[in-house]
$ cat work-v4.cif   # mmCIF, C-alpha atoms, pLDDT in the B column; chains and numbers go by the auth columns
data_final
#
loop_
_atom_site.group_PDB
_atom_site.id
_atom_site.type_symbol
_atom_site.label_atom_id
_atom_site.label_comp_id
_atom_site.label_asym_id
_atom_site.label_seq_id
_atom_site.Cartn_x
_atom_site.Cartn_y
_atom_site.Cartn_z
_atom_site.B_iso_or_equiv
_atom_site.auth_seq_id
_atom_site.auth_asym_id
ATOM 1 C CA MET A 1 212.680 217.050 181.364 45.00 229 A
ATOM 2 C CA GLY A 2 211.846 216.464 185.018 49.00 230 A
ATOM 3 C CA LYS A 3 212.462 213.363 187.108 60.00 231 A
ATOM 4 C CA MET A 4 211.432 209.830 186.157 78.00 232 A
ATOM 5 C CA LEU A 5 207.936 209.466 187.542 88.00 233 A
ATOM 6 C CA LYS A 6 205.939 206.430 188.582 94.00 234 A
ATOM 7 C CA PHE A 7 202.297 206.608 187.517 96.00 235 A
ATOM 8 C CA VAL A 8 199.281 204.593 188.606 97.00 236 A
ATOM 9 C CA ILE A 9 196.258 204.680 186.298 96.00 237 A
ATOM 10 C CA VAL A 10 192.868 203.672 187.679 95.00 238 A
ATOM 11 C CA GLU A 11 190.524 203.187 184.730 92.00 239 A
ATOM 12 C CA ASP A 12 188.093 200.378 183.875 89.00 240 A
ATOM 13 C CA SER A 13 188.267 200.882 180.102 91.00 241 A
ATOM 14 C CA ASP A 14 191.157 198.975 178.510 93.00 242 A
ATOM 15 C CA ILE A 15 191.175 201.313 175.514 94.00 243 A
ATOM 16 C CA ILE A 16 191.423 204.469 177.631 93.00 244 A
ATOM 17 C CA ALA A 17 193.988 203.012 180.051 94.00 245 A
ATOM 18 C CA ASP A 18 196.166 201.708 177.205 95.00 246 A
ATOM 19 C CA GLY A 19 195.891 205.045 175.404 94.00 247 A
ATOM 20 C CA LEU A 20 197.017 206.989 178.476 94.00 248 A
ATOM 21 C CA SER A 21 199.869 204.541 179.085 95.00 249 A
ATOM 22 C CA THR A 22 201.069 204.902 175.501 95.00 250 A
ATOM 23 C CA ILE A 23 201.016 208.705 175.654 94.00 251 A
ATOM 24 C CA LEU A 24 202.897 208.734 178.971 93.00 252 A
ATOM 25 C CA ARG A 25 205.624 206.438 177.634 92.00 253 A
ATOM 26 C CA GLN A 26 205.920 208.538 174.491 92.00 254 A
ATOM 27 C CA ILE A 27 206.478 211.615 176.662 89.00 255 A
ATOM 28 C CA ASN A 28 209.306 209.879 178.505 88.00 256 A
ATOM 29 C CA SER A 29 210.358 206.255 178.075 87.00 257 A
ATOM 30 C CA GLY A 30 211.703 206.360 181.629 87.00 258 A
ATOM 31 C CA PHE A 31 208.246 206.818 183.138 92.00 259 A
ATOM 32 C CA ARG A 32 206.944 203.756 184.988 94.00 260 A
ATOM 33 C CA VAL A 33 203.268 203.311 184.213 96.00 261 A
ATOM 34 C CA LEU A 34 201.136 200.868 186.197 97.00 262 A
ATOM 35 C CA ARG A 35 197.448 200.151 185.944 96.00 263 A
ATOM 36 C CA MET A 36 195.371 198.971 188.864 94.00 264 A
ATOM 37 C CA GLU A 37 193.151 196.112 187.788 86.00 265 A
ATOM 38 C CA PRO A 38 189.410 196.917 187.743 80.00 266 A
ATOM 39 C CA GLY A 39 187.870 196.065 191.110 79.00 267 A
ATOM 40 C CA GLY A 40 191.184 196.398 192.937 83.00 268 A
ATOM 41 C CA ARG A 41 191.526 198.033 196.340 91.00 269 A
ATOM 42 C CA LEU A 42 192.884 201.509 195.639 93.00 270 A
ATOM 43 C CA LEU A 43 194.234 202.359 199.089 93.00 271 A
ATOM 44 C CA SER A 44 196.111 199.069 199.471 94.00 272 A
ATOM 45 C CA TYR A 45 197.454 199.357 195.935 95.00 273 A
ATOM 46 C CA LEU A 46 198.782 202.880 196.503 95.00 274 A
ATOM 47 C CA MET A 47 200.438 201.944 199.794 95.00 275 A
ATOM 48 C CA ALA A 48 202.146 199.004 198.083 95.00 276 A
ATOM 49 C CA GLU A 49 203.272 200.773 194.898 96.00 277 A
ATOM 50 C CA LYS A 50 203.936 204.291 196.290 95.00 278 A
ATOM 51 C CA PRO A 51 203.514 206.142 192.968 95.00 279 A
ATOM 52 C CA ASP A 52 204.437 209.748 192.256 93.00 280 A
ATOM 53 C CA VAL A 53 201.283 210.399 190.229 95.00 281 A
ATOM 54 C CA LEU A 54 197.772 208.955 190.430 96.00 282 A
ATOM 55 C CA ILE A 55 195.407 209.308 187.458 96.00 283 A
ATOM 56 C CA VAL A 56 191.870 208.498 188.555 95.00 284 A
ATOM 57 C CA SER A 57 188.217 209.434 188.215 92.00 285 A
ATOM 58 C CA PRO A 58 187.309 212.046 190.844 90.00 286 A
ATOM 59 C CA LEU A 59 184.058 210.167 191.459 88.00 287 A
ATOM 60 C CA LEU A 60 185.704 206.916 192.554 88.00 288 A
ATOM 61 C CA PRO A 61 184.372 206.391 196.117 84.00 289 A
ATOM 62 C CA GLU A 62 187.781 205.491 197.570 85.00 290 A
ATOM 63 C CA VAL A 63 189.312 208.761 196.372 86.00 291 A
ATOM 64 C CA GLY A 64 187.173 211.234 198.309 80.00 292 A
ATOM 65 C CA SER A 65 189.283 214.377 198.531 87.00 293 A
ATOM 66 C CA PRO A 66 192.917 214.188 197.343 91.00 294 A
ATOM 67 C CA GLN A 67 194.064 215.710 200.641 90.00 295 A
ATOM 68 C CA LYS A 68 192.435 212.947 202.694 90.00 296 A
ATOM 69 C CA LEU A 69 193.647 210.297 200.251 92.00 297 A
ATOM 70 C CA ARG A 70 197.274 211.421 200.617 92.00 298 A
ATOM 71 C CA ALA A 71 196.997 211.335 204.404 89.00 299 A
ATOM 72 C CA HIS A 72 195.326 207.911 204.415 89.00 300 A
ATOM 73 C CA VAL A 73 198.008 206.240 202.290 92.00 301 A
ATOM 74 C CA ASP A 74 200.858 208.265 203.866 90.00 302 A
ATOM 75 C CA LEU A 75 201.973 209.753 200.540 90.00 303 A
ATOM 76 C CA PRO A 76 201.994 213.519 201.232 86.00 304 A
ATOM 77 C CA ASP A 77 203.641 214.325 197.880 86.00 305 A
ATOM 78 C CA LEU A 78 201.302 212.214 195.733 92.00 306 A
ATOM 79 C CA VAL A 79 200.211 214.172 192.655 93.00 307 A
ATOM 80 C CA CYS A 80 196.524 213.527 191.978 94.00 308 A
ATOM 81 C CA VAL A 81 195.290 213.929 188.403 95.00 309 A
ATOM 82 C CA ALA A 82 191.548 213.793 187.778 94.00 310 A
ATOM 83 C CA PHE A 83 190.608 211.911 184.611 94.00 311 A
ATOM 84 C CA VAL A 84 187.198 213.133 183.475 92.00 312 A
ATOM 85 C CA ASP A 85 185.018 212.037 180.584 87.00 313 A
ATOM 86 C CA ASN A 86 181.841 214.005 181.265 79.00 314 A
ATOM 87 C CA LEU A 87 180.595 217.287 182.723 73.00 315 A
ATOM 88 C CA ARG A 88 179.483 215.615 185.956 73.00 316 A
ATOM 89 C CA GLU A 89 183.038 214.544 186.761 77.00 317 A
ATOM 90 C CA GLN A 90 184.438 217.967 185.877 78.00 318 A
ATOM 91 C CA LYS A 91 182.440 219.444 188.758 83.00 319 A
ATOM 92 C CA HIS A 92 184.301 217.266 191.279 84.00 320 A
ATOM 93 C CA THR A 93 187.930 218.118 190.521 90.00 321 A
ATOM 94 C CA GLU A 94 188.561 220.515 193.412 88.00 322 A
ATOM 95 C CA GLY A 95 191.784 219.667 195.220 89.00 323 A
ATOM 96 C CA PHE A 96 193.323 217.791 192.287 93.00 324 A
ATOM 97 C CA ASP A 97 196.693 218.937 190.957 92.00 325 A
ATOM 98 C CA GLU A 98 195.638 218.625 187.330 94.00 326 A
ATOM 99 C CA THR A 99 192.700 217.530 185.177 94.00 327 A
ATOM 100 C CA VAL A 100 192.976 215.384 182.063 95.00 328 A
ATOM 101 C CA SER A 101 189.895 215.050 179.897 93.00 329 A
ATOM 102 C CA LEU A 102 188.870 212.273 177.540 91.00 330 A
ATOM 103 C CA PHE A 103 188.515 215.045 174.976 91.00 331 A
ATOM 104 C CA ASP A 104 192.038 216.455 175.417 93.00 332 A
ATOM 105 C CA THR A 105 194.338 216.118 172.441 92.00 333 A
ATOM 106 C CA GLU A 106 197.551 214.133 172.788 90.00 334 A
ATOM 107 C CA GLU A 107 199.481 217.421 172.744 92.00 335 A
ATOM 108 C CA GLN A 108 197.348 218.870 175.560 94.00 336 A
ATOM 109 C CA ILE A 109 197.935 215.777 177.699 93.00 337 A
ATOM 110 C CA ARG A 110 201.654 215.925 176.928 91.00 338 A
ATOM 111 C CA GLU A 111 201.872 219.574 178.050 92.00 339 A
ATOM 112 C CA LYS A 112 200.031 218.852 181.309 92.00 340 A
ATOM 113 C CA ILE A 113 202.183 215.831 182.180 90.00 341 A
ATOM 114 C CA GLU A 114 205.447 217.570 181.279 87.00 342 A
ATOM 115 C CA HIS A 115 204.427 220.484 183.507 86.00 343 A
ATOM 116 C CA LEU A 116 203.772 218.088 186.402 85.00 344 A
ATOM 117 C CA ALA A 117 207.067 216.260 185.863 81.00 345 A
ATOM 118 C CA ASN A 118 209.075 219.474 185.777 80.00 346 A
ATOM 119 C CA ARG A 119 207.304 220.825 188.857 78.00 347 A
ATOM 120 C CA LYS A 120 207.990 217.595 190.734 73.00 348 A
ATOM 121 C CA GLY A 121 211.671 217.843 189.871 67.00 349 A
ATOM 122 C CA GLU A 122 211.839 221.472 191.010 65.00 350 A
ATOM 123 C CA GLU A 123 210.183 220.588 194.327 63.00 351 A
ATOM 124 C CA GLU A 124 212.737 217.855 194.966 63.00 352 A
ATOM 125 C CA GLU A 125 215.610 220.213 194.215 62.00 353 A
ATOM 126 C CA SER A 126 214.092 222.737 196.620 54.00 354 A
ATOM 127 C CA GLU A 127 213.881 220.071 199.340 55.00 355 A
ATOM 128 C CA LYS A 128 217.637 219.498 199.015 66.00 356 A
ATOM 129 C CA MET A 129 218.397 223.130 199.843 82.00 357 A
ATOM 130 C CA LEU A 130 219.322 223.950 203.411 85.00 358 A
ATOM 131 C CA SER A 131 217.046 226.103 205.536 86.00 359 A
ATOM 132 C CA GLN A 132 218.450 229.189 207.243 90.00 360 A
ATOM 133 C CA ARG A 133 218.585 227.323 210.560 92.00 361 A
ATOM 134 C CA GLU A 134 220.463 224.431 208.956 92.00 362 A
ATOM 135 C CA LYS A 135 222.980 226.865 207.462 92.00 363 A
ATOM 136 C CA GLU A 136 223.540 228.357 210.921 94.00 364 A
ATOM 137 C CA ILE A 137 224.168 224.886 212.326 95.00 365 A
ATOM 138 C CA VAL A 138 226.623 224.005 209.534 95.00 366 A
ATOM 139 C CA ALA A 139 228.572 227.179 210.273 94.00 367 A
ATOM 140 C CA LEU A 140 228.804 226.315 213.958 95.00 368 A
ATOM 141 C CA VAL A 141 229.687 222.660 213.337 95.00 369 A
ATOM 142 C CA VAL A 142 232.641 223.508 211.095 94.00 370 A
ATOM 143 C CA ARG A 143 233.830 226.004 213.708 93.00 371 A
ATOM 144 C CA GLY A 144 234.077 223.134 216.164 93.00 372 A
ATOM 145 C CA TYR A 145 230.970 223.655 218.290 95.00 373 A
ATOM 146 C CA THR A 146 229.535 220.596 220.063 96.00 374 A
ATOM 147 C CA ASN A 147 225.840 219.755 219.850 96.00 375 A
ATOM 148 C CA LYS A 148 225.307 221.212 223.325 96.00 376 A
ATOM 149 C CA GLN A 149 227.154 224.417 222.432 96.00 377 A
ATOM 150 C CA ILE A 150 225.110 224.755 219.250 96.00 378 A
ATOM 151 C CA ALA A 151 221.917 224.219 221.241 96.00 379 A
ATOM 152 C CA ASP A 152 222.919 226.920 223.721 96.00 380 A
ATOM 153 C CA GLU A 153 223.970 229.329 220.965 94.00 381 A
ATOM 154 C CA LEU A 154 220.697 228.944 219.027 94.00 382 A
ATOM 155 C CA CYS A 155 218.426 228.484 222.066 94.00 383 A
ATOM 156 C CA ILE A 156 217.159 225.086 220.914 94.00 384 A
ATOM 157 C CA SER A 157 217.394 221.599 222.415 93.00 385 A
ATOM 158 C CA SER A 158 220.276 219.214 221.758 93.00 386 A
ATOM 159 C CA HIS A 159 217.756 216.764 220.303 93.00 387 A
ATOM 160 C CA THR A 160 216.695 219.392 217.755 93.00 388 A
ATOM 161 C CA VAL A 161 220.332 219.996 216.842 95.00 389 A
ATOM 162 C CA ILE A 162 220.850 216.273 216.237 94.00 390 A
ATOM 163 C CA THR A 163 217.722 216.128 214.061 92.00 391 A
ATOM 164 C CA HIS A 164 218.931 219.098 212.024 93.00 392 A
ATOM 165 C CA ARG A 165 222.349 217.510 211.562 94.00 393 A
ATOM 166 C CA ARG A 166 220.772 214.304 210.276 91.00 394 A
ATOM 167 C CA ASN A 167 218.698 216.302 207.804 90.00 395 A
ATOM 168 C CA ILE A 168 221.789 218.210 206.689 92.00 396 A
ATOM 169 C CA SER A 169 223.707 214.977 206.070 90.00 397 A
ATOM 170 C CA SER A 170 220.758 213.537 204.162 86.00 398 A
ATOM 171 C CA LYS A 171 220.299 216.615 201.976 85.00 399 A
ATOM 172 C CA LEU A 172 223.967 217.187 201.207 87.00 400 A
ATOM 173 C CA GLN A 173 225.114 213.556 201.271 86.00 401 A
ATOM 174 C CA ILE A 174 228.165 214.759 203.174 87.00 402 A
ATOM 175 C CA HIS A 175 229.221 212.600 206.113 84.00 403 A
ATOM 176 C CA SER A 176 232.663 213.930 207.078 87.00 404 A
ATOM 177 C CA SER A 177 233.861 217.042 208.879 87.00 405 A
ATOM 178 C CA ALA A 178 236.267 217.847 206.048 88.00 406 A
ATOM 179 C CA GLY A 179 233.512 217.589 203.442 89.00 407 A
ATOM 180 C CA LEU A 180 231.195 219.793 205.475 92.00 408 A
ATOM 181 C CA THR A 181 233.957 222.365 205.961 92.00 409 A
ATOM 182 C CA ILE A 182 234.595 222.570 202.217 90.00 410 A
ATOM 183 C CA TYR A 183 230.849 222.932 201.589 89.00 411 A
ATOM 184 C CA ALA A 184 230.583 225.735 204.156 91.00 412 A
ATOM 185 C CA ILE A 185 233.512 227.666 202.665 90.00 413 A
ATOM 186 C CA VAL A 186 232.403 227.247 199.038 87.00 414 A
ATOM 187 C CA ASN A 187 228.873 228.372 199.913 87.00 415 A
ATOM 188 C CA LYS A 188 230.167 231.292 202.002 89.00 416 A
ATOM 189 C CA LEU A 189 228.609 230.077 205.248 91.00 417 A
ATOM 190 C CA VAL A 190 231.933 230.686 206.985 90.00 418 A
ATOM 191 C CA LYS A 191 235.202 232.399 206.155 85.00 419 A
ATOM 192 C CA LEU A 192 238.450 230.473 206.131 81.00 420 A
ATOM 193 C CA GLU A 193 239.867 232.721 208.843 79.00 421 A
ATOM 194 C CA ASP A 194 236.860 231.906 211.075 75.00 422 A
ATOM 195 C CA ILE A 195 237.785 228.233 211.018 76.00 423 A
ATOM 196 C CA GLN A 196 241.499 228.890 211.467 65.00 424 A
ATOM 197 C CA GLY A 197 240.683 231.203 214.356 56.00 425 A
ATOM 198 C CA GLU A 198 238.704 228.472 216.099 59.00 426 A
ATOM 199 C CA ALA A 199 241.403 225.863 215.555 50.00 427 A
#
$ encode --input "work-v4.cif" --output "C-alpha cells"
Amino acid sequence: MGKMLKFVIVEDSDIIADGLSTILRQINSGFRVLRMEPGGRLLSYLMAEKPDVLIVSPLLPEVGSPQKLRAHVDLPDLVCVAFVDNLREQKHTEGFDETVSLFDTEEQIREKIEHLANRKGEEEESEKMLSQREKEIVALVVRGYTNKQIADELCISSHTVITHRRNISSKLQIHSSAGLTIYAIVNKLVKLEDIQGEA
C-alpha cells in the first residue's frame, strides 16, 4: 500500500473519533493517527504537527476553504477529508479531496483511505522524477560544463542553474560527479562516447 501517512482527526465525539482511529490503524498499523482535543486551535495544531491528512467537519469555522487552509498553515500538499454526518454538511464539501460520511461502512472508508494513501505515494514518486530541464542540466554537468557554461547554453541565469542542481541532488540523492555520470549513462541522458569525447 502507499506511504505511511500521518492523520489528524478533528471531531468532538469520542465515539466517532475513536472509531475512525481504529479503522485507520486497521487499514495500516504504520499510520500515525492524532486527534486534536475539542476546543483546540486548529491552525496552530496543524502547523505544529504537519500531518499528511486532515479529517474534519467542513463547517468548522477555522477550515473555510481547503485551499485557503493549506496556504495559511503552509502545507500545500495537505489532503483534506470532509467528515459529514448530515445533509447540511454534505453541501459544503467543495474543494475537499475526499468525503467520509458517518453512514459509510467500514469497507467504504477503507477504500477511500487506501485510495488517498496510494495517490499520495504516487505523487511523491512523481516529485522525485527529473524534469526535462533538469535532465538537460545533468547531461551538461557530466560532460564537464561549468555553471556559467550551462547557463549560457540553456539561456538561463547561473543562479537558476545552481537551484536546479540542488533540486537534482535532492531528488536523486547523488552528491558526486561519478554517481551522476553513472546515473546519466544508465538513464540514457548521455552516451559514453560523449563523456569520453569531452574528457
$ resolve_selection --input "work-v4.cif" --expression "the PyMOL selection byres ((chain A and resi 306) around 9)" --output "list of chain:residue names"
A:Lys278, A:Pro279, A:Asp280, A:Val281, A:Leu282, A:Pro294, A:Arg298, A:Leu303, A:Pro304, A:Asp305, A:Val307, A:Cys308
$ closest_residue --input "work-v4.cif" --among "A:Arg263, A:Arg371, A:His387, A:Lys319" --to "Ile244 of chain A" --atoms "only C-alpha atoms"
A:Arg263
$ atom_distance --input "work-v4.cif" --atom1 "atom CA of Asn346 of chain A" --atom2 "atom CA of Met232 of chain A"
9.9 Å
$ atom_distance --input "work-v4.cif" --atom1 "atom CA of Thr409 of chain A" --atom2 "atom CA of Val370 of chain A"
5.4 Å
$ atom_distance --input "work-v4.cif" --atom1 "atom CA of Glu334 of chain A" --atom2 "atom CA of Gly247 of chain A"
9.6 Å
$ closest_residue --input "work-v4.cif" --among "A:Val291, A:Val301, A:Ile255, A:Val328" --to "Met275 of chain A" --atoms "only C-alpha atoms"
A:Val301
$ closest_residue --input "work-v4.cif" --among "A:Leu248, A:Thr388, A:Ser272, A:Met357" --to "Asp332 of chain A" --atoms "all atoms listed in the file"
A:Leu248
$ decode --input "work-v4.cif" --residues "segment 276-382 of chain A" --atoms "C-alpha atoms" --output "CSV table (one decimal), in the first residue's frame"
chain,number,residue,atom,x,y,z
A,276,ALA,CA,2.9,22.1,14.8
A,277,GLU,CA,2.0,18.5,13.7
A,278,LYS,CA,2.3,18.9,9.9
A,279,PRO,CA,0.0,16.0,9.0
A,280,ASP,CA,-0.4,14.4,5.6
A,281,VAL,CA,-4.2,14.1,6.0
A,282,LEU,CA,-6.8,16.2,7.9
A,283,ILE,CA,-10.2,14.7,8.7
A,284,VAL,CA,-12.6,17.5,9.7
A,285,SER,CA,-16.1,18.8,9.5
A,286,PRO,CA,-16.4,21.2,6.5
A,287,LEU,CA,-18.4,23.5,8.7
A,288,LEU,CA,-15.7,24.1,11.2
A,289,PRO,CA,-15.1,27.9,11.1
A,290,GLU,CA,-11.3,27.7,11.0
A,291,VAL,CA,-11.4,25.4,8.0
A,292,GLY,CA,-13.0,27.8,5.5
A,293,SER,CA,-11.9,26.5,2.1
A,294,PRO,CA,-9.3,23.8,2.0
A,295,GLN,CA,-7.2,25.8,-0.5
A,296,LYS,CA,-7.0,28.8,1.9
A,297,LEU,CA,-6.4,26.5,4.9
A,298,ARG,CA,-3.4,24.9,3.1
A,299,ALA,CA,-1.9,28.3,2.3
A,300,HIS,CA,-2.5,29.6,5.8
A,301,VAL,CA,-0.7,26.7,7.5
A,302,ASP,CA,2.0,26.4,4.8
A,303,LEU,CA,1.1,22.8,4.0
A,304,PRO,CA,0.4,22.8,0.2
A,305,ASP,CA,0.2,19.0,0.0
A,306,LEU,CA,-2.2,18.6,2.9
A,307,VAL,CA,-5.0,16.2,2.0
A,308,CYS,CA,-8.3,17.5,3.3
A,309,VAL,CA,-11.1,14.9,4.0
A,310,ALA,CA,-14.5,16.2,4.9
A,311,PHE,CA,-16.3,14.2,7.6
A,312,VAL,CA,-20.0,14.7,7.3
A,313,ASP,CA,-22.9,13.4,9.4
A,314,ASN,CA,-25.8,15.2,7.9
A,315,LEU,CA,-27.1,16.6,4.6
A,316,ARG,CA,-26.2,20.2,5.5
A,317,GLU,CA,-22.5,19.3,5.8
A,318,GLN,CA,-22.6,17.4,2.5
A,319,LYS,CA,-23.4,20.7,0.7
A,320,HIS,CA,-20.1,22.2,1.9
A,321,THR,CA,-17.6,19.7,0.7
A,322,GLU,CA,-16.4,21.6,-2.4
A,323,GLY,CA,-12.6,21.7,-2.6
A,324,PHE,CA,-12.1,18.7,-0.3
A,325,ASP,CA,-10.0,15.7,-1.6
A,326,GLU,CA,-12.5,13.2,-0.3
A,327,THR,CA,-15.6,12.9,1.8
A,328,VAL,CA,-16.2,10.4,4.6
A,329,SER,CA,-19.7,10.0,5.9
A,330,LEU,CA,-21.0,8.9,9.3
A,331,PHE,CA,-23.1,6.4,7.3
A,332,ASP,CA,-20.2,4.9,5.3
A,333,THR,CA,-19.5,1.3,6.0
A,334,GLU,CA,-16.0,0.3,7.3
A,335,GLU,CA,-15.2,-1.1,3.9
A,336,GLN,CA,-16.2,2.1,2.1
A,337,ILE,CA,-14.0,4.1,4.5
A,338,ARG,CA,-11.2,1.7,3.9
A,339,GLU,CA,-11.4,2.0,0.1
A,340,LYS,CA,-11.4,5.8,0.3
A,341,ILE,CA,-8.4,5.9,2.6
A,342,GLU,CA,-6.4,3.3,0.7
A,343,HIS,CA,-7.0,5.4,-2.5
A,344,LEU,CA,-5.7,8.5,-0.8
A,345,ALA,CA,-2.7,6.7,0.5
A,346,ASN,CA,-1.8,5.2,-2.8
A,347,ARG,CA,-2.3,8.5,-4.6
A,348,LYS,CA,-0.1,10.3,-2.1
A,349,GLY,CA,2.7,7.7,-2.7
A,350,GLU,CA,2.4,8.1,-6.5
A,351,GLU,CA,2.6,11.9,-6.2
A,352,GLU,CA,5.8,11.6,-4.1
A,353,GLU,CA,7.4,9.2,-6.6
A,354,SER,CA,6.5,11.7,-9.4
A,355,GLU,CA,8.2,14.5,-7.5
A,356,LYS,CA,11.4,12.5,-7.5
A,357,MET,CA,11.5,12.3,-11.3
A,358,LEU,CA,13.6,14.9,-13.1
A,359,SER,CA,12.1,17.5,-15.3
A,360,GLN,CA,13.2,17.9,-18.9
A,361,ARG,CA,15.3,20.9,-17.9
A,362,GLU,CA,16.9,19.0,-15.1
A,363,LYS,CA,17.8,16.2,-17.4
A,364,GLU,CA,19.4,18.7,-19.8
A,365,ILE,CA,21.5,20.1,-16.9
A,366,VAL,CA,22.6,16.6,-15.8
A,367,ALA,CA,23.8,15.9,-19.3
A,368,LEU,CA,25.8,19.1,-19.4
A,369,VAL,CA,27.3,18.6,-15.9
A,370,VAL,CA,28.6,15.1,-16.7
A,371,ARG,CA,30.1,16.5,-19.9
A,372,GLY,CA,32.2,18.9,-17.8
A,373,TYR,CA,30.3,22.1,-18.3
A,374,THR,CA,30.6,24.8,-15.6
A,375,ASN,CA,27.5,26.5,-14.1
A,376,LYS,CA,28.2,29.6,-16.3
A,377,GLN,CA,28.6,27.4,-19.4
A,378,ILE,CA,25.4,25.6,-18.7
A,379,ALA,CA,23.6,29.0,-18.1
A,380,ASP,CA,24.9,30.3,-21.5
A,381,GLU,CA,24.0,27.0,-23.3
A,382,LEU,CA,20.4,27.0,-21.9
